[in-house]
Amino acid sequence: MISNSQCDSGISFVGCGSSTPQKIINNDQLGQRVDTNNEWIQSRTGISERRVIGDNESLIDLATDAALKAIRMANWDVKTIDLIILATSTPEDLFGSAPKIQSNLEASNAVAFDLTAACSGFLFALVTASQYLISGSMKRVVVIGADQLSKWVDWDDRKTCVLFGDGAGAVAIETSGEKNGLIGYDMKSDGSKGGCLNLSQANTFLDLVQGATHQKGEYLPIKMEGKEVYKFAVKEVPIILGELLDKYKIDSESIDWLLLHQANQRILDAVASRFSIPSEKVLSNLKDYGNTSAATIPLMLDEAVRGQRIKSGDLVACSGFGAGLSWGAALFYWHGPY
Ligand code: ACO
């Protein structure tokens with residue numbers, strides 16, 4: 001599916017929040033479990049440590065906390081929220097975890113649902129939310145990206161276990177008469193390459209009644225062809241971002257911040273170099289969290305806003321990419337209070 005749309009009516013980014021687990025696992029600790037080491041992980045990925053949800057935490061708790069922080073920054077009454085979208089590939093309930101977050105927030109007038117698009121999930125959810133705002137059918141939306149990939153990683157597979165971590169981030173967006181925050185976006189999928197990165201069902205069939213079996217509901221750990229995903233990312237992200245910049249006649253020098261899905265520092269550097277964006281404008285917190293899937297973009301945004309790097313009026317060039325394969329990009333102005 002290809003869509004590329006200009007947003008004529010205004011959307012304003014007015015709040016953000018994030019939340020991460022307490023438990024930190026560093027590279028040396030992983031080296032005690034699998035045949036890896038700090039030098040390999042840091043030089044190939046930029047990751048030093050990641051956080052993992054432990055005994056007294058849950059994905060829903062993190063997502064609720066991140067959403068609450070975004071709502072507080074926006075200074076909203078929770079009763080004025082129309083919609084909550086949770087981008088996740090790791091819900092606590094396959095029927096959806098967003099309604100539980102809606103209930104935790106006491107956002108009784110909001111409808112809530114999950115959206116799954118792996119590491120592109122937050123960006124796809126943001127674009128989905130924007131459609132309700134542009135159409136005028138809703139006024140205030142919370143978009144959450146939250147994932148607990150630690151549940152689904154094979155902790156004995158050094159090719160994947162060093163990459164991922166858990167976390168949550170959220171943004172509060174609303175219709176705006178005067179400021180249009182979302183300049184434009186694009187989203188793409190290529191299911192023919194989906195086998196490069198999966199968290200797929202196990203094919204276990206059990207007897208149901210005589211002559212009939214049923215499939216047991218269970219999933220296999222994450223499998224990834226890292227090199228293929230890497231090549232896909234460094235090829236497609238510059239193309240989709242470049243097309244957006246051309247479409248809206250924005251010079252890459254005007255970009256205040258490059259905010260990419262945090263998968264690998266080498267991917268961030270390659271995309272930045274393609275647009276001659278200096279490293280001080282490239283947002284990265286990979287070192288501290290690794291790849292938190294749908295959470296990376298709002299988690300990074302929140303850290304940069306609260307750390308007073310991203311300021312009101314700054315132009316952010318954003319891109320998410322990952323399993324599906326799927327990828328997308330958005331250009332937006334941050335209009336929050338910081
Ligand atoms: N420690 C030590 N050695 C390792 C490790 C490790 N943790 N992992 C792999 N190696 C070894 C391999 O076995 C291989 O050894 P060999 O040459 O003897 O066979 C060697 O290191 C090189 O392995 P590569 O896989 O070729 O390493 P590469 O430089 O490609 O880096 C990486 C791997 C980091 C996974 C990289 O390919 C990457 O970042 N890919 C993109 C991932 C991504 O962007 N995912 C995004 C989406 S995630 C989502 O949607 C949920």
# chains A, B, ... in the order shown; residues from 1 in each chain; ligands from 1
>>> select_by_dssp(residues="region 118-305 of chain A", states="helix (DSSP H, G or I)", output="PyMOL selection string")
chain A and resi 118-135+149-151+158-161+191-196+226-247+252-254+265-274+279-281+286-289+293-305
>>> residues_around(residues="Thr36 (chain A)", least_positions_apart="4", cutoff="10 Å", atoms="only C-alpha atoms", output="list in words")
Asn27, Asp28, Gln29, Leu30, Gly31, Gln32, Trp40, Ile41, Arg158, Lys159 and Val162 of chain A
>>> closest_atom_pairs(of="chain A", to="ligand 1", cutoff="6 Å", atoms="only C-alpha atoms and all ligand atoms", output="JSON lines")
{"residue": "A:Thr36", "atom": "CA", "partner": "ligand 1", "partner_atom_place_in_ligand_line": "1 (N)", "distance": 3.6}
{"residue": "A:Asn37", "atom": "CA", "partner": "ligand 1", "partner_atom_place_in_ligand_line": "1 (N)", "distance": 5.9}
{"residue": "A:Trp40", "atom": "CA", "partner": "ligand 1", "partner_atom_place_in_ligand_line": "2 (C)", "distance": 5.5}
{"residue": "A:Ile41", "atom": "CA", "partner": "ligand 1", "partner_atom_place_in_ligand_line": "7 (N)", "distance": 5.9}
{"residue": "A:Arg44", "atom": "CA", "partner": "ligand 1", "partner_atom_place_in_ligand_line": "34 (C)", "distance": 5.4}
{"residue": "A:Thr45", "atom": "CA", "partner": "ligand 1", "partner_atom_place_in_ligand_line": "34 (C)", "distance": 5.2}
{"residue": "A:Ala118", "atom": "CA", "partner": "ligand 1", "partner_atom_place_in_ligand_line": "50 (O)", "distance": 4.8}
{"residue": "A:Cys119", "atom": "CA", "partner": "ligand 1", "partner_atom_place_in_ligand_line": "50 (O)", "distance": 4.1}
{"residue": "A:Arg158", "atom": "CA", "partner": "ligand 1", "partner_atom_place_in_ligand_line": "7 (N)", "distance": 4.3}
{"residue": "A:Lys159", "atom": "CA", "partner": "ligand 1", "partner_atom_place_in_ligand_line": "8 (N)", "distance": 3.8}
{"residue": "A:Val162", "atom": "CA", "partner": "ligand 1", "partner_atom_place_in_ligand_line": "7 (N)", "distance": 5.6}
{"residue": "A:Gly226", "atom": "CA", "partner": "ligand 1", "partner_atom_place_in_ligand_line": "37 (O)", "distance": 3.6}
{"residue": "A:Lys227", "atom": "CA", "partner": "ligand 1", "partner_atom_place_in_ligand_line": "37 (O)", "distance": 4.0}
{"residue": "A:Val229", "atom": "CA", "partner": "ligand 1", "partner_atom_place_in_ligand_line": "41 (C)", "distance": 4.8}
{"residue": "A:Tyr230", "atom": "CA", "partner": "ligand 1", "partner_atom_place_in_ligand_line": "41 (C)", "distance": 3.9}
{"residue": "A:Ala263", "atom": "CA", "partner": "ligand 1", "partner_atom_place_in_ligand_line": "44 (O)", "distance": 4.6}
{"residue": "A:Asn264", "atom": "CA", "partner": "ligand 1", "partner_atom_place_in_ligand_line": "39 (O)", "distance": 4.9}
{"residue": "A:Ser293", "atom": "CA", "partner": "ligand 1", "partner_atom_place_in_ligand_line": "51 (C)", "distance": 5.2}
{"residue": "A:Gly322", "atom": "CA", "partner": "ligand 1", "partner_atom_place_in_ligand_line": "50 (O)", "distance": 3.4}
{"residue": "A:Ala323", "atom": "CA", "partner": "ligand 1", "partner_atom_place_in_ligand_line": "50 (O)", "distance": 4.0}
>>> atom_distance(atom1="CA of Ser276 (chain A)", atom2="CA of Tyr185 (chain A)")
21.0 Å
>>> residues_around(residues="Ser97 (chain A)", least_positions_apart="4", cutoff="8 Å", atoms="only C-alpha atoms", output="number ranges by chain")
A: 60, 86, 91-93, 101, 113-114
>>> closest_residue(among="A:Leu133, A:Ala112, A:Val282, A:Ile277", to="Ala87 (chain A)", atoms="only C-alpha atoms")
A:Ala112
>>> atom_distance(atom1="CA of Arg274 (chain A)", atom2="CA of Ile255 (chain A)")
13.4 Å
>>> closest_residue(among="A:Leu208, A:Trp327, A:Trp334, A:Ser273", to="Gln308 (chain A)", atoms="only C-alpha atoms")
A:Trp334
>>> atom_distance(atom1="CA of Glu174 (chain A)", atom2="CA of Val14 (chain A)")
7.3 Å
>>> select_by_dssp(residues="region 47-219 of chain A", states="strand (DSSP E)", output="ChimeraX atom specification")
/A:49-52,83-87,111-115,140-148,166-176,182-189,197-198,205-209,212-215
>>> residues_around(residues="Ala117 (chain A)", least_positions_apart="2", cutoff="9 Å", atoms="only C-alpha atoms", output="ChimeraX atom specification")
/A:87-89,115,119-125,294,322-326
>>> write_last_selection(atoms="C-alpha atoms", output="compact mmCIF listing (two decimals), in the first residue's frame")
# COMPACT_ATOMS: atom_id res chain seq x y z
CA ALA A 87 1.26 0.55 18.77
CA THR A 88 2.65 -2.75 19.96
CA SER A 89 3.61 -6.18 18.71
CA LEU A 115 -2.16 -1.38 16.09
CA CYS A 119 9.15 -1.12 14.61
CA SER A 120 7.07 1.01 12.21
CA GLY A 121 4.13 0.75 14.60
CA PHE A 122 4.43 4.14 16.26
CA LEU A 123 4.77 5.99 12.97
CA PHE A 124 1.84 4.09 11.44
CA ALA A 125 -0.26 4.77 14.57
CA ALA A 294 7.47 0.62 18.56
CA GLY A 322 11.19 -2.90 10.52
CA ALA A 323 9.30 -6.15 10.32
CA GLY A 324 6.65 -6.58 7.67
CA LEU A 325 8.79 -5.41 6.04
CA SER A 326 7.33 -2.00 6.67
>>> residues_around(residues="region 62-79 of chain A", least_positions_apart="5", cutoff="7 Å", atoms="only C-alpha atoms", output="list in words")
Val14, Gly15, Cys16, Gly17, Ser18, Ser19, Thr20, Ile101, Asn104, Leu105, Glu106, Ala107, Ser108, Asn109, Val142, Ile144, Ala146, Gly167, Ala168, Gly169, Ala170, Val171 and Ala172 of chain A
>>> write_last_selection(atoms="N, CA and C atoms", output="short mmCIF file (atom, residue, chain, number, x, y, z; two decimals), in the first residue's frame")
data_model
loop_
_atom_site.label_atom_id
_atom_site.label_comp_id
_atom_site.auth_asym_id
_atom_site.auth_seq_id
_atom_site.Cartn_x
_atom_site.Cartn_y
_atom_site.Cartn_z
N VAL A 14 1.48 18.34 21.23
CA VAL A 14 1.47 19.18 22.44
C VAL A 14 1.99 18.48 23.70
N GLY A 15 2.24 17.17 23.62
CA GLY A 15 2.75 16.49 24.81
C GLY A 15 3.50 15.23 24.44
N CYS A 16 4.42 14.84 25.30
CA CYS A 16 5.10 13.56 25.11
C CYS A 16 5.48 13.01 26.48
N GLY A 17 5.71 11.71 26.51
CA GLY A 17 6.10 11.07 27.77
C GLY A 17 6.76 9.74 27.46
N SER A 18 7.47 9.20 28.43
CA SER A 18 8.08 7.88 28.22
C SER A 18 8.27 7.19 29.56
N SER A 19 8.49 5.90 29.47
CA SER A 19 8.69 5.12 30.68
C SER A 19 9.49 3.87 30.33
N THR A 20 10.47 3.56 31.15
CA THR A 20 11.32 2.38 30.86
C THR A 20 11.44 1.52 32.12
N ILE A 101 -5.31 0.32 29.18
CA ILE A 101 -4.61 1.60 29.40
C ILE A 101 -5.65 2.73 29.51
N ASN A 104 -7.00 2.50 32.93
CA ASN A 104 -6.01 2.98 33.92
C ASN A 104 -5.96 4.51 33.94
N LEU A 105 -6.09 5.09 32.76
CA LEU A 105 -6.00 6.56 32.65
C LEU A 105 -7.29 7.25 33.06
N GLU A 106 -8.35 6.44 33.23
CA GLU A 106 -9.71 6.97 33.50
C GLU A 106 -10.16 7.90 32.38
N ALA A 107 -9.71 7.57 31.18
CA ALA A 107 -10.10 8.36 30.00
C ALA A 107 -11.41 7.79 29.46
N SER A 108 -12.48 8.02 30.20
CA SER A 108 -13.73 7.28 29.96
C SER A 108 -14.43 7.66 28.65
N ASN A 109 -14.03 8.76 28.03
CA ASN A 109 -14.66 9.13 26.75
C ASN A 109 -13.83 8.71 25.54
N VAL A 142 -4.13 10.25 22.04
CA VAL A 142 -2.85 9.83 22.60
C VAL A 142 -2.36 8.64 21.77
N ILE A 144 0.54 5.82 21.59
CA ILE A 144 1.56 5.18 22.43
C ILE A 144 2.33 4.16 21.58
N ALA A 146 4.77 0.99 22.51
CA ALA A 146 5.29 0.25 23.67
C ALA A 146 5.54 -1.20 23.27
N GLY A 167 10.38 -0.91 26.53
CA GLY A 167 10.13 0.50 26.86
C GLY A 167 8.80 0.98 26.29
N ALA A 168 8.47 2.22 26.65
CA ALA A 168 7.22 2.82 26.16
C ALA A 168 7.41 4.32 25.99
N GLY A 169 6.73 4.87 24.99
CA GLY A 169 6.72 6.32 24.78
C GLY A 169 5.36 6.72 24.25
N ALA A 170 5.02 7.99 24.39
CA ALA A 170 3.69 8.42 23.94
C ALA A 170 3.74 9.88 23.50
N VAL A 171 2.80 10.24 22.62
CA VAL A 171 2.61 11.65 22.29
C VAL A 171 1.13 12.00 22.42
N ALA A 172 0.89 13.27 22.73
CA ALA A 172 -0.47 13.80 22.77
C ALA A 172 -0.59 14.75 21.59
#
>>> residues_around(residues="Met300 (chain A)", least_positions_apart="4", cutoff="9 Å", atoms="only C-alpha atoms", output="ChimeraX atom specification")
/A:18,169,259-262,283-285,295-296,304-305
>>> write_last_selection(atoms="C-alpha atoms", output="short mmCIF file (atom, residue, chain, number, x, y, z; two decimals), in the first residue's frame")
data_model
loop_
_atom_site.label_atom_id
_atom_site.label_comp_id
_atom_site.auth_asym_id
_atom_site.auth_seq_id
_atom_site.Cartn_x
_atom_site.Cartn_y
_atom_site.Cartn_z
CA SER A 18 8.08 7.88 28.22
CA GLY A 169 6.72 6.32 24.78
CA LEU A 259 14.57 11.13 14.59
CA LEU A 260 14.88 7.58 13.26
CA HIS A 261 13.81 4.25 14.65
CA GLN A 262 16.65 3.30 16.97
CA LEU A 283 18.96 11.90 17.91
CA SER A 284 20.23 8.66 19.43
CA ASN A 285 19.66 6.89 22.72
CA ALA A 295 8.71 2.61 21.56
CA THR A 296 11.97 3.96 20.15
CA ALA A 304 15.06 15.17 23.58
CA VAL A 305 12.11 17.40 24.51
#
>>> closest_residue(among="A:Gln148, A:Asn56, A:Ser312, A:Thr292", to="Asp256 (chain A)", atoms="only C-alpha atoms")
A:Ser312
